[in-house]
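Asker: File query_31.pdb follows (PDB, C-alpha atoms, pLDDT in the B column):
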```pdb
ATOM      1  CA  MET A   6     -40.491  10.369  33.768  1.00 54.00           C
ATOM      2  CA  LYS A   7     -43.586  12.473  34.265  1.00 63.00           C
ATOM      3  CA  GLY A   8     -43.421  15.916  32.697  1.00 66.00           C
ATOM      4  CA  MET A   9     -40.683  14.998  30.247  1.00 72.00           C
ATOM      5  CA  PHE A  10     -41.308  14.613  26.531  1.00 84.00           C
ATOM      6  CA  ASN A  11     -37.873  13.177  25.602  1.00 86.00           C
ATOM      7  CA  LYS A  12     -37.357  15.823  22.938  1.00 89.00           C
ATOM      8  CA  ILE A  13     -35.295  18.948  22.664  1.00 89.00           C
ATOM      9  CA  ILE A  14     -35.435  21.585  19.982  1.00 92.00           C
ATOM     10  CA  SER A  15     -32.229  22.934  18.505  1.00 92.00           C
ATOM     11  CA  VAL A  16     -32.652  26.352  16.878  1.00 94.00           C
ATOM     12  CA  ASN A  17     -29.986  27.934  14.689  1.00 92.00           C
ATOM     13  CA  LEU A  18     -30.601  31.675  14.913  1.00 90.00           C
ATOM     14  CA  SER A  19     -28.157  32.418  12.076  1.00 89.00           C
ATOM     15  CA  ASN A  20     -30.053  30.516   9.392  1.00 94.00           C
ATOM     16  CA  LYS A  21     -33.466  30.382  11.152  1.00 94.00           C
ATOM     17  CA  LYS A  22     -33.665  26.584  11.023  1.00 96.00           C
ATOM     18  CA  HIS A  23     -34.566  24.150  13.757  1.00 97.00           C
ATOM     19  CA  LYS A  24     -34.511  20.435  14.422  1.00 96.00           C
ATOM     20  CA  ILE A  25     -36.116  18.184  17.000  1.00 96.00           C
ATOM     21  CA  ILE A  26     -33.731  15.831  18.801  1.00 92.00           C
ATOM     22  CA  GLU A  27     -35.065  12.807  20.696  1.00 92.00           C
ATOM     23  CA  ILE A  28     -33.272  11.827  23.891  1.00 88.00           C
ATOM     24  CA  GLU A  29     -33.452   8.686  26.001  1.00 87.00           C
ATOM     25  CA  ASP A  30     -35.106   8.460  29.436  1.00 83.00           C
ATOM     26  CA  ASP A  31     -31.805   7.557  31.072  1.00 86.00           C
ATOM     27  CA  MET A  32     -30.365  10.970  30.133  1.00 86.00           C
ATOM     28  CA  TYR A  33     -32.707  12.582  32.701  1.00 79.00           C
ATOM     29  CA  LEU A  34     -31.750  10.028  35.337  1.00 83.00           C
ATOM     30  CA  ASN A  35     -28.010  10.226  34.648  1.00 88.00           C
ATOM     31  CA  TYR A  36     -27.923  14.030  34.725  1.00 85.00           C
ATOM     32  CA  LEU A  37     -30.477  14.742  37.483  1.00 79.00           C
ATOM     33  CA  GLY A  38     -33.261  16.238  35.382  1.00 74.00           C
ATOM     34  CA  GLY A  39     -33.423  19.563  33.583  1.00 78.00           C
ATOM     35  CA  ARG A  40     -30.555  21.478  35.166  1.00 86.00           C
ATOM     36  CA  GLY A  41     -28.025  18.641  34.920  1.00 88.00           C
ATOM     37  CA  LEU A  42     -29.179  17.788  31.411  1.00 88.00           C
ATOM     38  CA  GLY A  43     -28.751  21.444  30.425  1.00 89.00           C
ATOM     39  CA  VAL A  44     -25.153  21.423  31.666  1.00 91.00           C
ATOM     40  CA  LYS A  45     -24.484  18.157  29.788  1.00 91.00           C
ATOM     41  CA  LEU A  46     -25.926  19.516  26.529  1.00 90.00           C
ATOM     42  CA  PHE A  47     -23.999  22.777  26.888  1.00 92.00           C
ATOM     43  CA  THR A  48     -20.628  21.169  27.627  1.00 93.00           C
ATOM     44  CA  ASP A  49     -21.054  18.677  24.772  1.00 92.00           C
ATOM     45  CA  ARG A  50     -21.759  21.424  22.232  1.00 90.00           C
ATOM     46  CA  VAL A  51     -19.502  24.349  23.167  1.00 91.00           C
ATOM     47  CA  ASN A  52     -15.769  24.722  22.764  1.00 92.00           C
ATOM     48  CA  PRO A  53     -14.447  26.190  26.053  1.00 91.00           C
ATOM     49  CA  LYS A  54     -12.418  28.748  24.080  1.00 94.00           C
ATOM     50  CA  VAL A  55     -15.343  30.134  22.055  1.00 93.00           C
ATOM     51  CA  ASP A  56     -15.976  33.886  22.187  1.00 94.00           C
ATOM     52  CA  PRO A  57     -19.031  34.468  24.412  1.00 91.00           C
ATOM     53  CA  LEU A  58     -20.604  36.752  21.784  1.00 92.00           C
ATOM     54  CA  SER A  59     -19.792  34.499  18.820  1.00 90.00           C
ATOM     55  CA  SER A  60     -22.482  32.817  16.745  1.00 87.00           C
ATOM     56  CA  ASP A  61     -20.652  29.559  17.563  1.00 88.00           C
ATOM     57  CA  ASN A  62     -21.735  29.871  21.193  1.00 90.00           C
ATOM     58  CA  THR A  63     -24.791  28.069  22.562  1.00 90.00           C
ATOM     59  CA  MET A  64     -27.659  28.977  24.876  1.00 89.00           C
ATOM     60  CA  VAL A  65     -29.466  26.235  26.765  1.00 90.00           C
ATOM     61  CA  PHE A  66     -32.852  26.733  28.451  1.00 87.00           C
ATOM     62  CA  THR A  67     -34.132  23.960  30.708  1.00 80.00           C
TER      63      THR A  67
END
```
Can you dump the structure from the file as structure tokens?
Answerer:
Amino acid sequence: MKGMFNKIISVNLSNKKHKIIEIEDDMYLNYLGGRGLGVKLFTDRVNPKVDPLSSDNTMVFT
């Protein structure tokens, strides 16, 4: 898709490390672009019972 680089960056603010994660083209199509992909990434990575202010919580920017 135009404008997509098929990569996301995951940054751990606690230990100041990051990693680049490659994703497939079909992820954008299956989850309707940035907003849907953001929801997918968030729900895959966060326990619904996590404290909102905990370091175990996740922020997703799309």
Asker: Would you work out the distance separating atom CA of A:Ile13 from atom CA of A:Leu42, expressed in Å to one decimal?
Answerer: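 Between these atoms lies a distance of 10.7 Å.
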Asker: Give the answer as one residue: which of A:Arg40, A:Arg50, A:Lys45, A:Lys12 has the shortest atom-to-atom distance to A:Thr67, using all atoms listed in the file?
Answerer: A:Arg40
Asker: Point out the residue among A:Met64, A:Gly41, A:Phe10, A:Asp56 with the least atom-to-atom distance to A:Ile25, counting all atoms listed in the file.
Answerer: A:Phe10
Asker: Go through the shown structure with the PyMOL selection byres ((chain A and resi 24) around 7) and write out the matching residues as number ranges by chain.
Answerer: A: 14-16, 23, 25-26
Asker: What separation in Å, quoted to one decimal, exists between atom CA of A:Phe66 and atom CA of A:Gly43?
Answerer: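 Atom-to-atom, atom CA of A:Phe66 to atom CA of A:Gly43, that is 7.0 Å.
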